[in-house]
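Visitor: Okay, handing you the structure first.
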2 protein chains.
Amino acid sequence: MKIAISGKGGVGKTTISALIARALADKNQSVLAVDADADANLASALGLDLSEGKIKPIAELEELIEEKMGTGDKTGQGLYVMNPSVADIPENFSVESDGVKFLAAGTVKTGGRGCYCAENKLLKRLINHLILQDDEAIVIDMEAGLEHFSRGTGEGVDLFLVVIEPGMRSIETALDIKKMAEDIGVKKVYGILNKVRNQEEVKLVKEKLTEIEILAELPYNSEIARADLEGISPAQAVNEDYKTRISHILESI
Amino acid sequence: MKIAISGKGGVGKTTISALIARALADKNQSVLAVDADADANLASALGLDLSEGKIKPIAELEELIEEKMGTGDKTGQGLYVMNPSVADIPENFSVESDGVKFLAAGTVKTGGRGCYCAENKLLKRLINHLILQDDEAIVIDMEAGLEHFSRGTGEGVDLFLVVIEPGMRSIETALDIKKMAEDIGVKKVYGILNKVRNQEEVKLVKEKLTEIEILAELPYNSEIARADLEGISPAQAVNEDYKTRISHILESI
């Protein structure tokens, strides 16, 4: 199964991506977790220590991009190889930790470098063309916002899990995601309501969001917020109730 | 003065952009507020009702993009006009409300449409080439994350205000912004600490963020969160103390 986690910036995509990847691994799935958000840090949310530079994001592997994508230059104005082979990428460019393989698509670390068109095209190709066995899963922490839809990055996924926090803009983004997922041919779009403080919020959100089935309500968790500031991964910070709610999501999809 | 509001997704960029634009207008500045985030809604944060379609985002003005940018096609692979004239854009494509002119750069509403390279180049040109008088200001709500730096969208601004919430990823993004603002030639980068719940959080953030001067600490405000769910603009929801803190930011830059 190929699962994309999407939603407005700041709703908790990265935390939930990490918890879902870990929960799938606990069910003996072979999991590839992909950080597709240039401004997220799925690695640290998974509890991986990448400080020793063990993994390089795809975007920094200039030779790989050149080899796979051809003459596309960094301004996004070149022409690309249409069908680069991607099967070797997870094996060669991921690191594994406790049953989860991790792959970073790219980080934007230099101002003025140009659009990330080439990197997104390679990622799209990767998601589309990896063939999975029954006991394999891909979990993709998508970039915040909506441009990845415009780019069609996630068109090869089986479903979108949209993380929603109680707030109008988060709800509007979820509705945009539902529509645009259909545009790129993905019919399954489910919601996860995150950072819930009270049932009045749940009611208000559900009234405005009748088009998306909500699979789980996750409470606002000061432990996760605090753990984040202290550099502790969410999987270590959440309690059993929280983990049960995450498992329930996997049983529902 | 040209001010870009930046930061990790979900930290409160749009709310703070709206409050700063309103505060500048209260000081009799002529303000152009630009929504450069395809997944934000600065218009509603400013209290503008755009439901009647009074304004079209630049990205939807296909003829304008074609006229200004030339042969750049929608996949971001074409060639662009280098120096399109932009002086007429604020006049012709903004709406005004209570002394604030509003302009939307673009919304991503169709999956699979391609990169937003052309729109970002036009926006960059606009920010760079508008010449402001002493009593004029531009406030730009930048897209979440970091790709706008890679694209150099904000290279014509005078300063970046980075909104930071207590959380490691928000802090890491702020440090990336500081570095990348320098890459694109913007030396002034100040921080606004938002959604503060207690002084312990302030202490933890300031310990990790010694490189950025913090101009204001804004408390977590359940009124803003609630107003947002009910469709009320933040300028109507915040109290005098909050407004004083926003004014203080303007006096410090």
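So you can find residues: chains in the structure tokens are A, B, ... in the order shown, residues in each start at 1, and ligands are numbered from 1 in order.
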Could you pull the residues within 12 Å of B:Leu193, counting only C-alpha atoms, minus those fewer than 5 positions along the same chain, as an NGL selection string?

Guide: :B and (7 or 11-13 or 16 or 161-167 or 170-171 or 174 or 198-199 or 201-206 or 209 or 212-220 or 245-246 or 249)

Visitor: Would you give me, as CSV, each residue of chain A having an atom within 8 Å of an atom of chain B, along with its shortest atom pair and that distance in Å to one decimal, using only C-alpha atoms and sorting by chain and residue number?

Guide:
residue,atom,partner,partner_atom,distance
A:Lys8,CA,B:Gly9,CA,7.2
A:Gly9,CA,B:Gly9,CA,3.7
A:Gly10,CA,B:Gly10,CA,3.9
A:Val11,CA,B:Gly10,CA,6.7
A:Ala38,CA,B:Leu146,CA,7.0
A:Asp39,CA,B:Gly145,CA,5.3
A:Ala40,CA,B:Arg169,CA,7.0
A:Asn41,CA,B:Arg169,CA,7.1
A:Gly76,CA,B:Gln77,CA,5.9
A:Gln77,CA,B:Gln77,CA,3.9
A:Gly78,CA,B:Gln77,CA,5.7
A:Leu79,CA,B:Gln77,CA,6.8
A:Val108,CA,B:Leu146,CA,6.2
A:Lys109,CA,B:Asp176,CA,6.9
A:Thr110,CA,B:Met180,CA,5.8
A:Gly111,CA,B:Ser150,CA,4.4
A:Gly112,CA,B:Gly152,CA,4.4
A:Arg113,CA,B:Ser150,CA,4.7
A:Gly114,CA,B:Arg151,CA,4.4
A:Cys115,CA,B:Arg151,CA,5.5
A:Tyr116,CA,B:Glu147,CA,7.6
A:Cys117,CA,B:Cys115,CA,6.5
A:Ala144,CA,B:Gly9,CA,6.8
A:Gly145,CA,B:Asp39,CA,5.3
A:Leu146,CA,B:Val108,CA,6.2
A:Glu147,CA,B:Val108,CA,6.3
A:Phe149,CA,B:Gly111,CA,4.6
A:Ser150,CA,B:Gly111,CA,4.4
A:Arg151,CA,B:Gly114,CA,4.4
A:Gly152,CA,B:Gly112,CA,4.4
A:Pro166,CA,B:Leu229,CA,7.1
A:Gly167,CA,B:Leu229,CA,5.0
A:Met168,CA,B:Leu229,CA,5.0
A:Arg169,CA,B:Ala40,CA,7.0
A:Thr173,CA,B:Asp39,CA,6.8
A:Asp176,CA,B:Lys109,CA,6.9
A:Met180,CA,B:Gly111,CA,4.7
A:Ala181,CA,B:Gly111,CA,6.8
A:Glu182,CA,B:Gly111,CA,7.9
A:Asp183,CA,B:Gly111,CA,5.0
A:Ile184,CA,B:Gly111,CA,5.5
A:Leu204,CA,B:Leu229,CA,7.6
A:Ala225,CA,B:Gly167,CA,6.7
A:Arg226,CA,B:Gly167,CA,7.8
A:Asp228,CA,B:Met168,CA,5.8
A:Leu229,CA,B:Met168,CA,4.9
A:Glu230,CA,B:Met168,CA,7.7
A:Gly231,CA,B:Met168,CA,7.3

Visitor: Tell me, in Å to one decimal, how far atom CA of B:Lys178 is from atom CA of A:Asp141.

Guide: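 Taking atom CA of B:Lys178 as the start and atom CA of A:Asp141 as the end point, the length is 24.6 Å.
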
Visitor: Please return, as a PyMOL selection string, all residues of stretch 36-251 of chain A that DSSP assigns to strand (DSSP E) on the basis of the backbone.

Guide: chain A and resi 95-97+100-104+136-141+159-164+188-196+213-219
